[in-house]
Each structure stands twice: as C-alpha cells, then as structure tokens.
>>> print(open('entry-v5.cif').read())   # mmCIF, C-alpha atoms (C1' of nucleotides)
data_entry
loop_
_atom_site.label_atom_id
_atom_site.label_comp_id
_atom_site.auth_asym_id
_atom_site.auth_seq_id
_atom_site.Cartn_x
_atom_site.Cartn_y
_atom_site.Cartn_z
CA MET J 1 -191.92 3.18 -68.52
CA TYR J 2 -190.80 5.37 -65.71
CA SER J 3 -187.24 4.56 -64.90
CA LEU J 4 -187.41 3.68 -61.28
CA ASN J 5 -184.38 1.55 -61.84
CA ASN J 6 -182.45 4.43 -63.24
CA ILE J 7 -183.25 6.35 -60.15
CA LYS J 8 -182.19 3.56 -57.88
CA GLN J 9 -178.97 3.26 -59.78
CA ASN J 10 -178.27 6.83 -58.84
CA ASN J 11 -176.13 6.09 -55.87
CA CYS J 12 -176.01 9.80 -55.29
CA PRO J 13 -178.57 10.51 -52.61
CA LEU J 14 -179.11 14.04 -53.82
CA LYS J 15 -180.00 12.84 -57.27
CA PHE J 16 -182.24 10.21 -55.80
CA ILE J 17 -184.49 12.56 -53.90
CA SER J 18 -184.36 15.45 -56.31
CA ASN J 19 -185.42 13.10 -59.07
CA ILE J 20 -188.47 12.40 -56.98
CA LEU J 21 -189.40 15.81 -55.65
CA GLY J 22 -188.37 17.54 -58.86
CA LYS J 23 -190.80 15.63 -61.03
CA LYS J 24 -193.67 17.72 -62.19
CA TRP J 25 -196.75 17.60 -59.92
CA VAL J 26 -195.09 15.23 -57.49
CA CYS J 27 -194.74 17.74 -54.69
CA GLU J 28 -198.29 18.88 -55.12
CA ILE J 29 -199.55 15.33 -55.06
CA ILE J 30 -197.66 14.44 -51.92
CA TRP J 31 -198.78 17.61 -50.25
CA GLU J 32 -202.42 17.14 -51.16
CA ILE J 33 -202.66 13.63 -49.77
CA GLY J 34 -200.42 14.48 -46.86
CA ASN J 35 -203.29 15.23 -44.55
CA ASP J 36 -205.88 12.76 -45.71
CA LYS J 37 -206.34 10.15 -48.37
CA LYS J 38 -208.01 11.35 -51.51
CA ARG J 39 -209.81 9.76 -54.40
CA PHE J 40 -208.47 10.12 -57.89
CA GLY J 41 -211.12 12.59 -58.92
CA GLU J 42 -210.60 14.72 -55.85
CA LEU J 43 -206.91 14.93 -56.55
CA GLN J 44 -207.61 15.87 -60.10
CA ARG J 45 -209.73 18.76 -58.95
CA CYS J 46 -207.22 19.88 -56.32
CA ILE J 47 -204.23 19.97 -58.58
CA GLU J 48 -205.09 22.50 -61.18
CA GLY J 49 -203.48 22.19 -64.56
CA CYS J 50 -202.42 18.59 -64.16
CA SER J 51 -203.83 16.41 -66.90
CA LYS J 52 -205.34 13.07 -66.06
CA LYS J 53 -202.53 11.36 -67.89
CA MET J 54 -199.84 13.09 -65.86
CA LEU J 55 -201.67 12.49 -62.62
CA ILE J 56 -201.86 8.77 -63.27
CA GLN J 57 -198.28 8.65 -64.43
CA GLN J 58 -196.85 10.42 -61.42
CA LEU J 59 -199.04 8.52 -58.98
CA GLU J 60 -197.73 5.28 -60.42
CA PHE J 61 -194.23 6.56 -60.12
CA LEU J 62 -194.81 7.39 -56.47
CA ILE J 63 -196.37 3.99 -55.84
CA GLU J 64 -193.42 2.24 -57.43
CA ASN J 65 -191.14 4.23 -55.19
CA GLY J 66 -193.07 3.24 -52.10
CA ILE J 67 -194.13 6.75 -51.32
CA VAL J 68 -197.82 6.47 -52.11
CA ILE J 69 -200.27 3.65 -51.48
CA ASN J 70 -203.34 2.96 -53.54
CA ASP J 71 -206.54 1.28 -52.37
CA LYS J 72 -209.19 0.16 -54.81
CA LYS J 73 -212.72 -0.80 -53.96
CA GLU J 74 -215.33 -1.93 -56.41
CA LEU J 75 -218.61 -0.20 -55.83
CA LYS J 76 -221.89 -0.97 -57.59
CA ASN J 77 -220.90 0.12 -61.03
CA ASN J 78 -217.72 2.10 -60.61
CA ILE J 79 -214.38 1.99 -58.92
CA GLN J 80 -213.25 3.91 -55.88
CA SER J 81 -209.53 4.42 -55.97
CA THR J 82 -207.95 6.23 -53.08
CA TYR J 83 -204.41 7.37 -52.59
CA TYR J 84 -202.49 8.12 -49.43
CA LEU J 85 -198.94 8.39 -48.19
CA SER J 86 -196.92 5.47 -46.95
CA GLU J 87 -194.75 5.90 -43.89
CA CYS J 88 -191.92 6.71 -46.23
CA GLY J 89 -194.05 9.33 -47.91
CA VAL J 90 -195.08 10.87 -44.64
CA SER J 91 -191.44 11.27 -43.74
CA LEU J 92 -191.09 13.61 -46.69
CA LEU J 93 -193.54 16.10 -45.26
CA PRO J 94 -191.18 17.79 -42.79
CA ILE J 95 -188.62 18.23 -45.53
CA MET J 96 -191.23 19.80 -47.73
CA GLU J 97 -192.20 22.13 -44.93
CA THR J 98 -188.69 23.49 -44.75
CA MET J 99 -188.72 23.80 -48.51
CA ILE J 100 -191.85 25.88 -48.33
CA LEU J 101 -190.35 28.09 -45.65
CA TRP J 102 -187.32 28.67 -47.83
CA SER J 103 -189.46 29.52 -50.83
CA ASN J 104 -191.57 31.98 -48.96
CA LYS J 105 -188.45 33.81 -47.89
CA HIS J 106 -186.88 33.88 -51.31
CA ILE J 107 -189.71 34.08 -53.79
CA LYS J 108 -189.65 37.49 -55.32
CA CYS J 109 -193.19 38.48 -55.89
CA ASP J 110 -193.30 40.25 -59.23
CA CYS J 111 -197.02 40.05 -59.51
CA MET S 1 -184.30 31.02 -72.60
CA TYR S 2 -184.69 29.61 -69.17
CA SER S 3 -187.99 30.62 -67.77
CA LEU S 4 -187.09 32.29 -64.55
CA ASN S 5 -190.22 34.29 -64.94
CA ASN S 6 -192.32 31.25 -65.22
CA ILE S 7 -190.87 30.07 -62.01
CA LYS S 8 -191.52 33.33 -60.27
CA GLN S 9 -195.05 33.27 -61.51
CA ASN S 10 -195.48 30.00 -59.68
CA ASN S 11 -196.96 31.44 -56.59
CA CYS S 12 -196.89 27.95 -55.19
CA PRO S 13 -193.81 27.80 -52.98
CA LEU S 14 -193.45 24.08 -53.46
CA LYS S 15 -193.32 24.46 -57.21
CA PHE S 16 -190.89 27.29 -56.85
CA ILE S 17 -188.23 25.37 -54.99
CA SER S 18 -188.79 22.01 -56.63
CA ASN S 19 -188.38 23.68 -59.99
CA ILE S 20 -184.98 24.73 -58.80
CA LEU S 21 -183.72 21.69 -56.95
CA GLY S 22 -185.34 19.31 -59.42
CA LYS S 23 -183.47 20.62 -62.42
CA LYS S 24 -180.85 18.27 -63.67
CA TRP S 25 -177.38 18.80 -62.15
CA VAL S 26 -178.54 21.70 -60.01
CA CYS S 27 -178.28 19.88 -56.69
CA GLU S 28 -174.85 18.59 -57.57
CA ILE S 29 -173.68 22.04 -58.56
CA ILE S 30 -174.92 23.66 -55.39
CA TRP S 31 -173.42 20.91 -53.31
CA GLU S 32 -170.06 21.07 -55.02
CA ILE S 33 -169.62 24.78 -54.52
CA GLY S 34 -171.20 24.66 -51.09
CA ASN S 35 -167.92 24.37 -49.30
CA ASP S 36 -165.66 26.45 -51.45
CA LYS S 37 -165.79 28.40 -54.66
CA LYS S 38 -164.78 26.50 -57.73
CA ARG S 39 -163.62 27.39 -61.20
CA PHE S 40 -165.62 26.30 -64.19
CA GLY S 41 -163.18 23.61 -65.16
CA GLU S 42 -163.02 22.21 -61.65
CA LEU S 43 -166.77 21.96 -61.53
CA GLN S 44 -166.80 20.23 -64.86
CA ARG S 45 -164.42 17.61 -63.55
CA CYS S 46 -166.33 17.16 -60.29
CA ILE S 47 -169.70 16.63 -61.83
CA GLU S 48 -169.31 13.56 -63.92
CA GLY S 49 -171.56 13.17 -66.91
CA CYS S 50 -172.60 16.80 -67.08
CA SER S 51 -171.81 18.29 -70.47
CA LYS S 52 -170.24 21.70 -70.71
CA LYS S 53 -173.40 23.01 -72.28
CA MET S 54 -175.60 21.82 -69.45
CA LEU S 55 -173.19 23.07 -66.82
CA ILE S 56 -173.21 26.56 -68.27
CA GLN S 57 -176.93 26.51 -68.73
CA GLN S 58 -177.70 25.48 -65.19
CA LEU S 59 -175.12 27.83 -63.71
CA GLU S 60 -176.76 30.70 -65.55
CA PHE S 61 -180.10 29.59 -64.27
CA LEU S 62 -178.80 29.58 -60.72
CA ILE S 63 -177.22 32.99 -61.18
CA GLU S 64 -180.46 34.42 -62.49
CA ASN S 65 -182.19 33.02 -59.45
CA GLY S 66 -179.71 34.64 -57.12
CA ILE S 67 -178.43 31.35 -55.81
CA VAL S 68 -174.99 31.36 -57.37
CA ILE S 69 -172.52 34.20 -57.88
CA ASN S 70 -169.94 34.36 -60.63
CA ASP S 71 -166.61 36.18 -60.51
CA LYS S 72 -164.53 36.67 -63.60
CA LYS S 73 -160.90 37.72 -63.71
CA GLU S 74 -158.85 38.23 -66.85
CA LEU S 75 -155.49 36.57 -66.56
CA LYS S 76 -152.66 36.84 -69.07
CA ASN S 77 -154.27 35.02 -71.90
CA ASN S 78 -157.26 33.29 -70.42
CA ILE S 79 -160.21 33.87 -68.16
CA GLN S 80 -160.66 32.70 -64.61
CA SER S 81 -164.31 32.26 -63.86
CA THR S 82 -165.25 31.17 -60.36
CA TYR S 83 -168.60 30.24 -58.95
CA TYR S 84 -169.83 30.27 -55.39
CA LEU S 85 -173.06 30.35 -53.43
CA SER S 86 -174.85 33.52 -52.50
CA GLU S 87 -176.33 33.85 -49.04
CA CYS S 88 -179.56 32.61 -50.52
CA GLY S 89 -177.75 29.62 -51.98
CA VAL S 90 -176.05 28.83 -48.71
CA SER S 91 -179.41 28.74 -47.02
CA LEU S 92 -180.29 25.80 -49.23
CA LEU S 93 -177.55 23.63 -47.80
CA PRO S 94 -179.31 22.61 -44.59
CA ILE S 95 -182.36 21.62 -46.58
CA MET S 96 -180.21 19.54 -48.85
CA GLU S 97 -178.65 17.87 -45.87
CA THR S 98 -182.02 16.68 -44.66
CA MET S 99 -182.75 15.52 -48.19
CA ILE S 100 -179.58 13.47 -48.18
CA LEU S 101 -180.45 11.96 -44.83
CA TRP S 102 -183.85 10.97 -46.14
CA SER S 103 -182.36 9.42 -49.24
CA ASN S 104 -179.85 7.39 -47.35
CA LYS S 105 -182.66 5.93 -45.29
CA HIS S 106 -184.87 5.13 -48.21
CA ILE S 107 -182.60 4.32 -51.10
CA LYS S 108 -182.87 0.64 -51.81
CA CYS S 109 -179.50 -0.50 -52.87
CA ASP S 110 -180.02 -2.96 -55.69
CA CYS S 111 -176.42 -2.95 -56.72
"C1'" DC T 1 -215.14 6.87 -62.06
"C1'" DA T 2 -210.60 5.44 -62.95
"C1'" DG T 3 -207.65 4.33 -66.25
"C1'" DA T 4 -205.41 3.02 -71.03
"C1'" DA T 5 -204.02 4.13 -75.51
"C1'" DT T 6 -202.72 7.37 -79.34
"C1'" DC T 7 -201.04 11.20 -81.47
"C1'" DC T 8 -198.40 15.33 -81.61
"C1'" DT T 9 -195.52 19.00 -80.15
"C1'" DA T 10 -192.28 21.57 -77.23
"C1'" DT T 11 -188.53 21.17 -74.59
"C1'" DG T 12 -184.40 19.06 -72.73
"C1'" DT T 13 -180.03 17.33 -73.54
"C1'" DG T 14 -175.88 15.20 -75.71
"C1'" DA T 15 -172.21 15.56 -79.25
"C1'" DT T 16 -169.53 18.26 -81.79
"C1'" DA T 17 -167.22 22.04 -83.60
"C1'" DC T 18 -166.06 27.05 -83.22
"C1'" DT T 19 -164.37 31.67 -80.79
"C1'" DG T 20 -161.52 35.13 -78.05
"C1'" DC F 1 -159.93 28.36 -70.18
"C1'" DA F 2 -164.55 29.72 -70.51
"C1'" DG F 3 -168.11 30.25 -73.36
"C1'" DT F 4 -171.12 30.01 -77.95
"C1'" DA F 5 -173.50 27.88 -81.69
"C1'" DT F 6 -175.62 24.25 -84.21
"C1'" DC F 7 -177.48 19.86 -85.15
"C1'" DA F 8 -179.91 15.78 -83.93
"C1'" DC F 9 -182.32 12.98 -80.99
"C1'" DA F 10 -184.93 11.51 -76.79
"C1'" DT F 11 -188.16 12.56 -73.51
"C1'" DA F 12 -191.87 15.19 -71.39
"C1'" DG F 13 -196.25 16.43 -71.44
"C1'" DG F 14 -200.88 18.12 -73.47
"C1'" DA F 15 -205.20 16.95 -76.00
"C1'" DT F 16 -208.12 13.67 -77.21
"C1'" DT F 17 -210.49 9.43 -77.57
"C1'" DC F 18 -211.66 4.75 -75.87
"C1'" DT F 19 -212.84 1.02 -72.14
"C1'" DG F 20 -214.90 -1.68 -68.14
#
>>> encode(input="entry-v5.cif", output="structure tokens")
Amino acid sequence: MYSLNNIKQNNCPLKFISNILGKKWVCEIIWEIGNDKKRFGELQRCIEGCSKKMLIQQLEFLIENGIVINDKKELKNNIQSTYYLSECGVSLLPIMETMILWSNKHIKCDC
Amino acid sequence: MYSLNNIKQNNCPLKFISNILGKKWVCEIIWEIGNDKKRFGELQRCIEGCSKKMLIQQLEFLIENGIVINDKKELKNNIQSTYYLSECGVSLLPIMETMILWSNKHIKCDC
DNA sequence: CAGAATCCTATGTGATACTG
DNA sequence: CAGTATCACATAGGATTCTG
C-alpha cells in the first residue's frame, strides 16, 4: 500500500530522499542495522515505541526502495528473518552522520 | 498546534532532524529561500502544489524552530512579509546538498 | 518467531471562504 | 497581500487478535 511509485514520481530529489528519511522510524531502523544485521525481534527491542505493525511496514518500504535487504531462514519450528543494509542503504549512513552532528549542535535541551 | 516541544523532547538527534526535514514542503521551503529571501506570494508560486494553509503552517513551524526568520513591513495598504534562513537554517544547506546528490544517484527514473 | 489482518482514532492536509 | 477559520476527507499509526 505504500506508495513507492508516488515517491519515484517525485522527480524532485529533495522530496525523494526526505520522503524516505522523514518517515517515522525509518532513520532509527537504518541506523540500528547500519553496523550489523539484526533479526526482527532484536530490532523490535532496539527501537522503543515502534509497534510491530509499523516496524514491518517501514521495513517493507525500505526493502521496496532497495535500501534494506531481508534474509529468511527456516529453522526447526520457527523463522529467522534478518535485515541489513544494501549498498544503497549503506551510502545513507554518512549523510545521517552529518544530520546527527547538526542536531547535536542545534537541539535545545529543555529537559 | 505544532509540537515543537515534542520534537525537542526527542533526545534522539536523528528523530530531531528527520522530524524537521521530513515534514511535507519543508525541504522545498528551505531550499527556495536558501539563496535569497522571498515574499510569501513568491514562495507560494515557487512551491507548486503547496496550499496557502500548509505553507503558512510549515513556515511557522520553521520559525519556531529557529530555522527561518520572518520580516514584516507595512506598505501603503498591504503587508510585505519576507522569509529567509537563519544561520541555523543556512547550516542545513550543505546537508541538503549531499541529500540531493544521493537522490540523483539512486532515483530510478520510471518516467 | 515473524508476520497478517482488523478496528479505531488522531492527525495531516486540501478546498473554500473570510478578514484587515 | 498575508493571514485566519472552518469543514471534510484521507492517511497515519496504535492496540489487539490471529496464523503457520
């Protein structure tokens, strides 16, 4: 249901990437599997506050966009589903690093 | 109504900035006034498809976040309201440039 | 364990009309 | 011209339950 096509029709490159990185949980997901592949359950535990439904939804979105890759293995009586970044996904990491640097400079800590 | 506070409470720097750049029209707005200040009407004409309501809403959001600055002058019988980037806003431009570069590499042109 | 399917609500967003 | 207000609808997103 996620409108990958809509996104691709955005010929504006700014819209294209901000529609990806701006989606809820997407940055967190990319960041979490940036270092090492993770299983679905692990991710769920890492990313606090993200419902299972949203996690699945956004992972699918990232897979459709070629940013995340999913491997499934059938074990005895359950499934092991792991997620990791594609080359394309990995190339987002340096951008996200500069984003983090910017935030840390400009976040006003009111806590 | 816009939850600036919610955003500030996001102690996660990735959430912080992606909540800004991911908002609809925000990237376009920042980009459009990146080079030179623009009046409200100019902006409206630049950013196709953005309703007046949304434009105002997102501009206010950016002002609250210290990214955009607004100057108002009273002319004879109307108001001249111009918008431009704060220093903080300007510091977003290089990040957005790398975002554009990434997009141009990875956008799959289906048109 | 990983995922699918429903239901339900809050929020986002467009269209339109109004104001100084 | 710049901004406000209101309605009406679409989408996002949480909670919960079900399946192999």
>>> interface_residues(input="entry-v5.cif", of="chain S", to="chain T", cutoff="12 Å", atoms="all atoms listed in the file", output="CSV table (one decimal) with C-alpha atoms, in the frame of the given file")
chain,number,residue,atom,x,y,z
S,1,MET,CA,-184.3,31.0,-72.6
S,2,TYR,CA,-184.7,29.6,-69.2
S,3,SER,CA,-188.0,30.6,-67.8
S,23,LYS,CA,-183.5,20.6,-62.4
S,24,LYS,CA,-180.8,18.3,-63.7
S,25,TRP,CA,-177.4,18.8,-62.2
S,49,GLY,CA,-171.6,13.2,-66.9
S,50,CYS,CA,-172.6,16.8,-67.1
S,51,SER,CA,-171.8,18.3,-70.5
S,52,LYS,CA,-170.2,21.7,-70.7
S,53,LYS,CA,-173.4,23.0,-72.3
S,54,MET,CA,-175.6,21.8,-69.4
S,55,LEU,CA,-173.2,23.1,-66.8
S,57,GLN,CA,-176.9,26.5,-68.7
S,58,GLN,CA,-177.7,25.5,-65.2
S,74,GLU,CA,-158.8,38.2,-66.8
S,77,ASN,CA,-154.3,35.0,-71.9
S,78,ASN,CA,-157.3,33.3,-70.4
S,79,ILE,CA,-160.2,33.9,-68.2
>>> interface_residues(input="entry-v5.cif", of="chain J", to="chain S", cutoff="9 Å", atoms="only C-alpha atoms", output="PyMOL selection string")
chain J and resi 5+8-9+11-25+27-28+31+88+91-92+95-104+106-111
>>> resolve_selection(input="entry-v5.cif", expression="the PyMOL selection byres ((chain F) within 10 of (chain J))", output="list in words")
DA12, DG13, DG14, DA15 and DG20 of chain F
>>> atom_distance(input="entry-v5.cif", atom1="C1' of DC7 in chain F", atom2="CA of Glu60 in chain S")
22.4 Å
>>> resolve_selection(input="entry-v5.cif", expression="the PyMOL selection byres ((chain J and resi 35) around 10)", output="MDAnalysis selection string")
chainID J and resid 30:34 36:38 84:85 90 93
>>> write_last_selection(input="entry-v5.cif", atoms="C-alpha atoms", output="PDB file, in the coordinates of the input")
ATOM      1  CA  ILE J  30    -197.660  14.440 -51.920  1.00  0.00           C
ATOM      2  CA  TRP J  31    -198.780  17.610 -50.250  1.00  0.00           C
ATOM      3  CA  GLU J  32    -202.420  17.140 -51.160  1.00  0.00           C
ATOM      4  CA  ILE J  33    -202.660  13.630 -49.770  1.00  0.00           C
ATOM      5  CA  GLY J  34    -200.420  14.480 -46.860  1.00  0.00           C
ATOM      6  CA  ASP J  36    -205.880  12.760 -45.710  1.00  0.00           C
ATOM      7  CA  LYS J  37    -206.340  10.150 -48.370  1.00  0.00           C
ATOM      8  CA  LYS J  38    -208.010  11.350 -51.510  1.00  0.00           C
ATOM      9  CA  TYR J  84    -202.490   8.120 -49.430  1.00  0.00           C
ATOM     10  CA  LEU J  85    -198.940   8.390 -48.190  1.00  0.00           C
ATOM     11  CA  VAL J  90    -195.080  10.870 -44.640  1.00  0.00           C
ATOM     12  CA  LEU J  93    -193.540  16.100 -45.260  1.00  0.00           C
TER      13      LEU J  93
END
>>> atom_distance(input="entry-v5.cif", atom1="CA of Gly89 in chain J", atom2="CA of Glu64 in chain J")
11.9 Å
>>> atom_distance(input="entry-v5.cif", atom1="CA of Glu42 in chain J", atom2="C1' of DT11 in chain F")
28.6 Å
>>> build_atoms(input="entry-v5.cif", residues="range 61-72 of chain J", atoms="all heavy atoms", output="short mmCIF file (atom, residue, chain, number, x, y, z; two decimals), in the coordinates of the input")
data_model
loop_
_atom_site.label_atom_id
_atom_site.label_comp_id
_atom_site.auth_asym_id
_atom_site.auth_seq_id
_atom_site.Cartn_x
_atom_site.Cartn_y
_atom_site.Cartn_z
N PHE J 61 -195.64 6.39 -60.46
CA PHE J 61 -194.23 6.56 -60.12
C PHE J 61 -194.04 6.58 -58.60
O PHE J 61 -193.14 5.93 -58.06
CB PHE J 61 -193.73 7.87 -60.74
CG PHE J 61 -192.38 8.31 -60.27
CD1 PHE J 61 -191.24 7.72 -60.76
CD2 PHE J 61 -192.27 9.32 -59.32
CE1 PHE J 61 -189.99 8.12 -60.31
CE2 PHE J 61 -191.02 9.73 -58.87
CZ PHE J 61 -189.88 9.12 -59.36
N LEU J 62 -194.92 7.29 -57.92
CA LEU J 62 -194.81 7.39 -56.47
C LEU J 62 -195.14 6.06 -55.79
O LEU J 62 -194.56 5.71 -54.76
CB LEU J 62 -195.72 8.49 -55.94
CG LEU J 62 -195.26 9.90 -56.31
CD1 LEU J 62 -196.32 10.93 -55.98
CD2 LEU J 62 -193.97 10.23 -55.56
N ILE J 63 -196.05 5.31 -56.38
CA ILE J 63 -196.37 3.99 -55.84
C ILE J 63 -195.17 3.06 -56.01
O ILE J 63 -194.78 2.36 -55.07
CB ILE J 63 -197.62 3.43 -56.53
CG1 ILE J 63 -198.86 4.24 -56.12
CG2 ILE J 63 -197.81 1.97 -56.18
CD1 ILE J 63 -200.09 3.96 -56.95
N GLU J 64 -194.60 3.08 -57.18
CA GLU J 64 -193.42 2.24 -57.43
C GLU J 64 -192.29 2.56 -56.46
O GLU J 64 -191.52 1.70 -56.07
CB GLU J 64 -192.90 2.45 -58.85
CG GLU J 64 -193.73 1.78 -59.92
CD GLU J 64 -193.23 2.14 -61.32
OE1 GLU J 64 -192.19 2.82 -61.42
OE2 GLU J 64 -193.90 1.76 -62.28
N ASN J 65 -192.20 3.82 -56.09
CA ASN J 65 -191.14 4.23 -55.19
C ASN J 65 -191.51 4.06 -53.72
O ASN J 65 -190.77 4.48 -52.84
CB ASN J 65 -190.76 5.69 -55.44
CG ASN J 65 -189.72 5.80 -56.53
OD1 ASN J 65 -188.55 5.60 -56.30
ND2 ASN J 65 -190.17 6.09 -57.74
N GLY J 66 -192.69 3.50 -53.48
CA GLY J 66 -193.07 3.24 -52.10
C GLY J 66 -193.46 4.46 -51.31
O GLY J 66 -193.47 4.44 -50.08
N ILE J 67 -193.79 5.51 -52.00
CA ILE J 67 -194.13 6.75 -51.32
C ILE J 67 -195.64 6.89 -51.17
O ILE J 67 -196.13 7.45 -50.19
CB ILE J 67 -193.54 7.96 -52.08
CG1 ILE J 67 -192.01 7.90 -51.98
CG2 ILE J 67 -194.07 9.28 -51.56
CD1 ILE J 67 -191.30 8.86 -52.88
N VAL J 68 -196.36 6.38 -52.13
CA VAL J 68 -197.82 6.47 -52.11
C VAL J 68 -198.40 5.07 -52.14
O VAL J 68 -197.83 4.15 -52.72
CB VAL J 68 -198.32 7.30 -53.31
CG1 VAL J 68 -199.81 7.13 -53.52
CG2 VAL J 68 -197.98 8.77 -53.13
N ILE J 69 -199.55 4.93 -51.49
CA ILE J 69 -200.27 3.65 -51.48
C ILE J 69 -201.64 3.86 -52.11
O ILE J 69 -202.26 4.91 -51.93
CB ILE J 69 -200.42 3.12 -50.03
CG1 ILE J 69 -199.03 2.86 -49.46
CG2 ILE J 69 -201.26 1.86 -50.00
CD1 ILE J 69 -199.05 2.50 -47.98
N ASN J 70 -202.07 2.86 -52.84
CA ASN J 70 -203.34 2.96 -53.54
C ASN J 70 -204.28 1.85 -53.07
O ASN J 70 -203.90 0.69 -53.00
CB ASN J 70 -203.09 2.81 -55.06
CG ASN J 70 -204.37 2.83 -55.87
OD1 ASN J 70 -204.56 2.05 -56.78
ND2 ASN J 70 -205.26 3.75 -55.54
N ASP J 71 -205.49 2.25 -52.73
CA ASP J 71 -206.54 1.28 -52.37
C ASP J 71 -207.66 1.34 -53.39
O ASP J 71 -208.14 2.43 -53.71
CB ASP J 71 -207.13 1.63 -51.00
CG ASP J 71 -206.41 0.89 -49.90
OD1 ASP J 71 -205.62 -0.01 -50.21
OD2 ASP J 71 -206.64 1.23 -48.71
N LYS J 72 -208.07 0.19 -53.86
CA LYS J 72 -209.19 0.16 -54.81
C LYS J 72 -210.34 -0.64 -54.25
O LYS J 72 -210.15 -1.75 -53.76
CB LYS J 72 -208.73 -0.44 -56.13
CG LYS J 72 -207.76 0.42 -56.87
CD LYS J 72 -207.40 -0.12 -58.23
CE LYS J 72 -206.22 0.70 -58.76
NZ LYS J 72 -205.83 0.38 -60.10
#
